[in-house]
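One structure is given below, encoded as structure tokens.
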Amino acid sequence: MKAMILAAGFGTRLLPYTLKRPKPLFPILNKELLHLTISRLRQVGADGIVVNAHHLRLQIKKALHDEADIILQEEEQVLGTGGGLRLALPHLGKDPVLVVNGDIYHSIDYREVYSSHCNARADVSLVLHDYPRFNDVAVDETLRVTGFNRSGTSSGKQERVLAFTGIHVINPEVLQIIPQDTTYCIIDCYRKLLEQGGSIRAHLATNHFWTDMGTPADYLKLHADLLGQKVPVYDELAAAAADIPFVGVQHAVIGKDVKLLDWVCIGRRARIEDGSILQRVIVWDDAVVPAGSIFKDAIVSP
């Protein structure tokens with residue numbers, strides 16, 4: 001199975017933190033999300049995984065230095081979700097390709113998604129779910145996708161409007177619709193596919209956890225849920241989660257009279273100076289919390 005992780009975005013909703021690191025390298029319980037995603041793809045048999053990068057791509061290149069069987073696609077210009085996939089086409093082979101956004105943490109079963117696509121007669125399978133904040137993909141009663149950008153409303157009695165999870169399986173020939181070396185959105189490609197009579201089916205995800213980590217509040221809430229044991233914890237994070245609600249203390253320098261409240265995740269080589277108070281805070285690797293600081297519901301970067 002070939003897979004591609006879309007990791008080239010700017011992460012504008014996460015400013016100013018994405019000025020310092022790209023969103024796929026944000027740490028989850030002190031492990032970078034990109035590595036977690038790669039690990040989960042490998043567990044279901046993905047090889048020759050393509051990762052595209054544009055914003056702060058040298059950081060992604062460094063992060064992948066020791067990862068075997070990863071194809072890093074460095075994009076000099078912004079190509080968008082469709083343009084990046086089109087550029088990667090020579091690496092994707094002829095079989096269906098599993099595509100994943102690089103900014104999502106979820107419990108959706110990749111193997112089930114891929115198998116269901118291979119058993120269906122469709123050009124594309126989109127993993128959809130009912131998530132009112134983002135619902136805008138219309139499907140009919142047979143779960144065939146009929147349109148996009150419906151803003152949470154349906155146009156017919158037999159139509160539902162669902163949200164795209166950022167996980168899809170694509171027959172590579174579909175990507176020929178996209179012009180080469182052009183900025184292009186994959187949803188625009190899918191619109192053209194429907195106009196040409198192609199088929200896009202929905203794989204409906206249920207009984208799962210999903211977040212796109214799109215804002216600082218989303219990022220903090222993910223940690224709150226993980227450390228509150230409210231959502232599934234990846235196996236790769238089990239050791240860190242064992243230290244709940246205060247993760248990473250043993251790998252940081254903690255000063256005198258420091259107070260940690262509710263939950264706190266502290267990165268390696270971080271320094272929490274004397275008299276500081278941290279409540280529901282993520283401290284990244286190598287960050288410094290000055291003496292006497294009070295941080296609440298915050299991200300502390302180097």
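In the structure tokens, chains take letters A, B, ... by order of appearance, with residues numbered from 1 within each chain and ligands from 1 in the order shown.
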Among the residues of range 70-290 of chain A, find those DSSP assigns to strand (DSSP E) from the backbone and print them as JSON, numbers by chain. {"A": [70, 71, 72, 73, 74, 97, 98, 99, 100, 101, 105, 106, 124, 125, 126, 127, 128, 129, 137, 138, 139, 145, 146, 147, 160, 161, 162, 163, 164, 165, 166, 167, 168, 169, 170, 200, 201, 202, 203, 204, 210, 211, 246, 247, 253, 254, 259, 260, 261, 262, 263, 264, 265, 266, 271, 272, 277, 278, 279, 280, 281, 282, 283, 288, 289]}
Give one line per residue of range 162-255 of chain A that approaches range 32-50 of chain A to at most 9 Å, naming the two atoms of the closest pair and their distance in Å to one decimal, counting only C-alpha atoms; sort by chain then ascending residue number and deliver it as a Markdown table.
| residue | atom | partner | partner_atom | distance |
| --- | --- | --- | --- | --- |
| A:Tyr234 | CA | A:Leu36 | CA | 8.1 |
| A:Glu236 | CA | A:Leu36 | CA | 7.2 |
| A:Leu237 | CA | A:Leu36 | CA | 8.8 |
I need the residues of range 28-266 of chain A that end up classed as alpha helix (DSSP H) by DSSP on the backbone, written out as a tab-separated table (two decimals) with N, CA and C atoms, in the first residue's frame.
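What landed in part_32.tsv:
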chain	number	residue	atom	x	y	z
A	33	LEU	N	3.63	14.70	15.99
A	33	LEU	CA	2.48	14.08	15.34
A	33	LEU	C	2.87	13.38	14.04
A	34	LEU	N	3.79	13.95	13.29
A	34	LEU	CA	4.19	13.34	12.02
A	34	LEU	C	4.73	11.94	12.23
A	35	HIS	N	5.56	11.76	13.24
A	35	HIS	CA	6.10	10.43	13.51
A	35	HIS	C	5.01	9.46	13.96
A	36	LEU	N	4.05	9.95	14.71
A	36	LEU	CA	2.93	9.10	15.12
A	36	LEU	C	2.13	8.64	13.91
A	37	THR	N	1.90	9.55	12.97
A	37	THR	CA	1.14	9.22	11.77
A	37	THR	C	1.90	8.20	10.91
A	38	ILE	N	3.19	8.41	10.75
A	38	ILE	CA	4.00	7.45	9.99
A	38	ILE	C	3.95	6.07	10.64
A	39	SER	N	4.07	6.02	11.94
A	39	SER	CA	4.03	4.75	12.66
A	39	SER	C	2.71	4.03	12.43
A	40	ARG	N	1.60	4.74	12.50
A	40	ARG	CA	0.29	4.12	12.32
A	40	ARG	C	0.11	3.63	10.87
A	41	LEU	N	0.65	4.37	9.90
A	41	LEU	CA	0.56	3.92	8.52
A	41	LEU	C	1.40	2.66	8.30
A	42	ARG	N	2.55	2.61	8.90
A	42	ARG	CA	3.39	1.42	8.74
A	42	ARG	C	2.73	0.20	9.37
A	43	GLN	N	2.01	0.39	10.44
A	43	GLN	CA	1.35	-0.73	11.11
A	43	GLN	C	0.32	-1.41	10.21
A	57	ARG	N	10.04	23.61	5.68
A	57	ARG	CA	10.30	22.24	5.22
A	57	ARG	C	11.64	21.69	5.68
A	58	LEU	N	12.59	22.55	6.00
A	58	LEU	CA	13.87	22.04	6.49
A	58	LEU	C	13.71	21.34	7.83
A	59	GLN	N	12.76	21.80	8.62
A	59	GLN	CA	12.48	21.13	9.89
A	59	GLN	C	11.91	19.74	9.65
A	60	ILE	N	11.02	19.64	8.68
A	60	ILE	CA	10.45	18.33	8.36
A	60	ILE	C	11.52	17.41	7.79
A	61	LYS	N	12.38	17.96	6.96
A	61	LYS	CA	13.48	17.16	6.40
A	61	LYS	C	14.37	16.61	7.52
A	62	LYS	N	14.69	17.45	8.49
A	62	LYS	CA	15.52	17.02	9.61
A	62	LYS	C	14.79	15.95	10.44
A	63	ALA	N	13.50	16.16	10.66
A	63	ALA	CA	12.73	15.21	11.46
A	63	ALA	C	12.66	13.83	10.81
A	80	GLY	N	-0.82	23.38	-2.74
A	80	GLY	CA	-2.13	22.98	-2.24
A	80	GLY	C	-2.27	21.47	-2.13
A	81	THR	N	-3.39	21.04	-1.62
A	81	THR	CA	-3.61	19.61	-1.38
A	81	THR	C	-3.66	18.82	-2.69
A	82	GLY	N	-4.21	19.42	-3.73
A	82	GLY	CA	-4.27	18.72	-5.02
A	82	GLY	C	-2.97	18.78	-5.77
A	83	GLY	N	-2.35	19.96	-5.82
A	83	GLY	CA	-1.09	20.11	-6.54
A	83	GLY	C	0.01	19.26	-5.95
A	84	GLY	N	0.02	19.13	-4.62
A	84	GLY	CA	1.02	18.28	-3.98
A	84	GLY	C	0.84	16.82	-4.34
A	85	LEU	N	-0.40	16.37	-4.38
A	85	LEU	CA	-0.67	14.98	-4.78
A	85	LEU	C	-0.30	14.74	-6.25
A	86	ARG	N	-0.59	15.72	-7.11
A	86	ARG	CA	-0.26	15.58	-8.54
A	86	ARG	C	1.25	15.46	-8.73
A	87	LEU	N	2.00	16.25	-7.99
A	87	LEU	CA	3.46	16.19	-8.09
A	87	LEU	C	3.99	14.84	-7.63
A	88	ALA	N	3.32	14.24	-6.67
A	88	ALA	CA	3.77	12.95	-6.12
A	88	ALA	C	3.37	11.76	-6.98
A	110	TYR	N	-7.24	2.68	9.57
A	110	TYR	CA	-6.76	2.83	8.20
A	110	TYR	C	-6.99	1.56	7.39
A	111	ARG	N	-6.75	0.41	8.00
A	111	ARG	CA	-6.88	-0.84	7.26
A	111	ARG	C	-8.31	-1.05	6.78
A	112	GLU	N	-9.27	-0.77	7.64
A	112	GLU	CA	-10.67	-0.92	7.27
A	112	GLU	C	-11.04	0.05	6.15
A	113	VAL	N	-10.54	1.28	6.24
A	113	VAL	CA	-10.83	2.28	5.21
A	113	VAL	C	-10.29	1.83	3.86
A	114	TYR	N	-9.06	1.38	3.85
A	114	TYR	CA	-8.42	0.97	2.59
A	114	TYR	C	-9.10	-0.26	2.00
A	115	SER	N	-9.39	-1.24	2.85
A	115	SER	CA	-10.04	-2.47	2.36
A	115	SER	C	-11.41	-2.19	1.78
A	116	SER	N	-12.18	-1.32	2.45
A	116	SER	CA	-13.52	-1.03	1.96
A	116	SER	C	-13.47	-0.32	0.61
A	117	HIS	N	-12.46	0.53	0.42
A	117	HIS	CA	-12.32	1.18	-0.89
A	117	HIS	C	-12.00	0.14	-1.96
A	118	CYS	N	-11.06	-0.74	-1.67
A	118	CYS	CA	-10.66	-1.74	-2.66
A	118	CYS	C	-11.80	-2.67	-3.03
A	119	ASN	N	-12.75	-2.87	-2.11
A	119	ASN	CA	-13.89	-3.74	-2.38
A	119	ASN	C	-15.03	-3.01	-3.07
A	186	ILE	N	-7.58	19.70	-3.72
A	186	ILE	CA	-8.06	18.37	-4.08
A	186	ILE	C	-9.59	18.34	-4.18
A	187	ILE	N	-10.29	19.19	-3.43
A	187	ILE	CA	-11.75	19.22	-3.51
A	187	ILE	C	-12.19	19.71	-4.89
A	188	ASP	N	-11.45	20.64	-5.49
A	188	ASP	CA	-11.77	21.08	-6.85
A	188	ASP	C	-11.58	19.93	-7.84
A	189	CYS	N	-10.58	19.11	-7.59
A	189	CYS	CA	-10.39	17.91	-8.42
A	189	CYS	C	-11.60	16.98	-8.29
A	190	TYR	N	-12.08	16.82	-7.08
A	190	TYR	CA	-13.22	15.94	-6.86
A	190	TYR	C	-14.50	16.50	-7.50
A	191	ARG	N	-14.65	17.81	-7.49
A	191	ARG	CA	-15.80	18.41	-8.17
A	191	ARG	C	-15.76	18.08	-9.67
A	192	LYS	N	-14.59	18.22	-10.27
A	192	LYS	CA	-14.46	17.92	-11.69
A	192	LYS	C	-14.70	16.44	-11.96
A	193	LEU	N	-14.23	15.60	-11.04
A	193	LEU	CA	-14.45	14.16	-11.19
A	193	LEU	C	-15.95	13.86	-11.24
A	194	LEU	N	-16.72	14.48	-10.34
A	194	LEU	CA	-18.17	14.27	-10.35
A	194	LEU	C	-18.79	14.79	-11.64
A	195	GLU	N	-18.32	15.94	-12.13
A	195	GLU	CA	-18.85	16.49	-13.39
A	195	GLU	C	-18.59	15.56	-14.56
A	216	PRO	N	-4.99	26.76	18.63
A	216	PRO	CA	-4.38	26.51	19.94
A	216	PRO	C	-5.36	25.86	20.91
A	217	ALA	N	-6.63	26.28	20.87
A	217	ALA	CA	-7.62	25.69	21.76
A	217	ALA	C	-7.82	24.20	21.46
A	218	ASP	N	-7.83	23.83	20.17
A	218	ASP	CA	-7.96	22.42	19.79
A	218	ASP	C	-6.76	21.62	20.29
A	219	TYR	N	-5.60	22.18	20.14
A	219	TYR	CA	-4.35	21.52	20.55
A	219	TYR	C	-4.33	21.29	22.06
A	220	LEU	N	-4.73	22.30	22.82
A	220	LEU	CA	-4.78	22.17	24.27
A	220	LEU	C	-5.85	21.16	24.68
A	221	LYS	N	-7.00	21.21	24.01
A	221	LYS	CA	-8.08	20.29	24.38
A	221	LYS	C	-7.70	18.84	24.11
A	222	LEU	N	-6.95	18.59	23.04
A	222	LEU	CA	-6.49	17.23	22.78
A	222	LEU	C	-5.66	16.73	23.96
A	223	HIS	N	-4.76	17.56	24.46
A	223	HIS	CA	-3.94	17.14	25.60
A	223	HIS	C	-4.80	16.96	26.86
A	224	ALA	N	-5.76	17.87	27.04
A	224	ALA	CA	-6.65	17.73	28.20
A	224	ALA	C	-7.40	16.41	28.14
A	225	ASP	N	-7.87	16.03	26.95
A	225	ASP	CA	-8.62	14.78	26.79
A	225	ASP	C	-7.72	13.55	26.95
A	226	LEU	N	-6.51	13.63	26.42
A	226	LEU	CA	-5.58	12.51	26.57
A	226	LEU	C	-5.19	12.32	28.03
A	227	LEU	N	-4.87	13.41	28.70
A	227	LEU	CA	-4.43	13.31	30.09
A	227	LEU	C	-5.60	13.13	31.05
A	238	ALA	N	1.78	5.50	25.14
A	238	ALA	CA	1.36	4.84	26.38
A	238	ALA	C	2.31	5.13	27.53
A	239	ALA	N	3.62	5.11	27.25
A	239	ALA	CA	4.58	5.33	28.33
A	239	ALA	C	4.45	6.73	28.90
A	240	ALA	N	4.28	7.72	28.02
A	240	ALA	CA	4.12	9.10	28.49
A	240	ALA	C	2.81	9.25	29.25
A	241	ALA	N	1.76	8.65	28.74
A	241	ALA	CA	0.44	8.77	29.37
A	241	ALA	C	0.42	8.14	30.76
Which residues come within 8 Å of Asn30 in chain A, counting only C-alpha atoms, excluding same-chain residues fewer than 2 positions away, as a PDB file with C-alpha atoms, in the first residue's frame?
ATOM      1  CA  PRO A  27       4.322  17.354  19.803  1.00  0.00           C
ATOM      2  CA  ILE A  28       1.559  15.207  21.257  1.00  0.00           C
ATOM      3  CA  GLU A  32       5.784  14.742  17.082  1.00  0.00           C
ATOM      4  CA  ALA A 240       4.117   9.098  28.494  1.00  0.00           C
ATOM      5  CA  GLY A 248       7.701  14.922  31.178  1.00  0.00           C
ATOM      6  CA  CYS A 265       2.969  18.365  29.625  1.00  0.00           C
ATOM      7  CA  ILE A 266       6.634  19.402  29.753  1.00  0.00           C
ATOM      8  CA  GLY A 267       9.104  18.735  26.946  1.00  0.00           C
ATOM      9  CA  ARG A 268      12.655  17.500  27.163  1.00  0.00           C
ATOM     10  CA  TRP A 284       7.766  22.422  24.312  1.00  0.00           C
ATOM     11  CA  ASP A 285      11.275  20.964  24.262  1.00  0.00           C
TER      12      ASP A 285
END
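You can rank A:Ile299, A:Ala120, A:Leu162, A:Ile272 by their closest distance to Lys256 in chain A using only C-alpha atoms, and at the top of that list sits A:Ile272.
Of the residues listed (A:Val124, A:Arg21, A:Phe134, A:Ile170), A:Ile170 shows the shortest atom-to-atom separation from Lys2 in chain A; distances use only C-alpha atoms.
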Residues near Asn149 in chain A, anyone? I mean within 10 Å using only C-alpha atoms, not counting same-chain ones fewer than 3 positions away, as a PDB file with C-alpha atoms, in the first residue's frame.
ATOM      1  CA  PHE A 134     -17.250  21.124   9.688  1.00  0.00           C
ATOM      2  CA  ASN A 135     -20.204  19.408   7.983  1.00  0.00           C
ATOM      3  CA  ASP A 136     -20.248  20.429   4.285  1.00  0.00           C
ATOM      4  CA  VAL A 137     -20.021  17.282   2.126  1.00  0.00           C
ATOM      5  CA  ALA A 138     -23.350  16.075   0.720  1.00  0.00           C
ATOM      6  CA  GLY A 152     -24.228  22.003   6.958  1.00  0.00           C
ATOM      7  CA  THR A 153     -27.524  22.002   5.036  1.00  0.00           C
ATOM      8  CA  VAL A 161     -24.317  16.576   5.009  1.00  0.00           C
ATOM      9  CA  ALA A 163     -17.644  16.414   7.451  1.00  0.00           C
ATOM     10  CA  ILE A 187     -11.748  19.222  -3.512  1.00  0.00           C
TER      11      ILE A 187
END
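Near Ser125 in chain A, within 10 Å and counting only C-alpha atoms, sit A:Pro96, A:Leu98, A:Val113, A:Tyr114, A:Ser116, A:His117, A:Cys118, A:Ala120, A:Arg121, A:Ala122, A:Leu128, A:Arg144, A:Val145, A:Ile167, A:His168, A:Val169, A:Ile170, A:Asn171, A:Ser199, A:Ile200, A:Arg201, A:Ala202, A:His203, A:Leu204; same-chain residues fewer than 3 positions away were not included.
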Env of Leu260 in chain A: 7 Å cut, atoms = only C-alpha atoms, seq-sep filter 4 positions within chain, self excluded. Answer as a VMD selection string. chain A and resid 264 277 to 279
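Between CA of Arg13 in chain A and CA of Asp103 in chain A the interatomic distance comes to 12.0 Å.
Residue nearest Val231 in chain A within the list A:His106, A:Thr206, A:Thr182, A:Tyr131: A:His106 [criterion: smallest interatomic distance, only C-alpha atoms].
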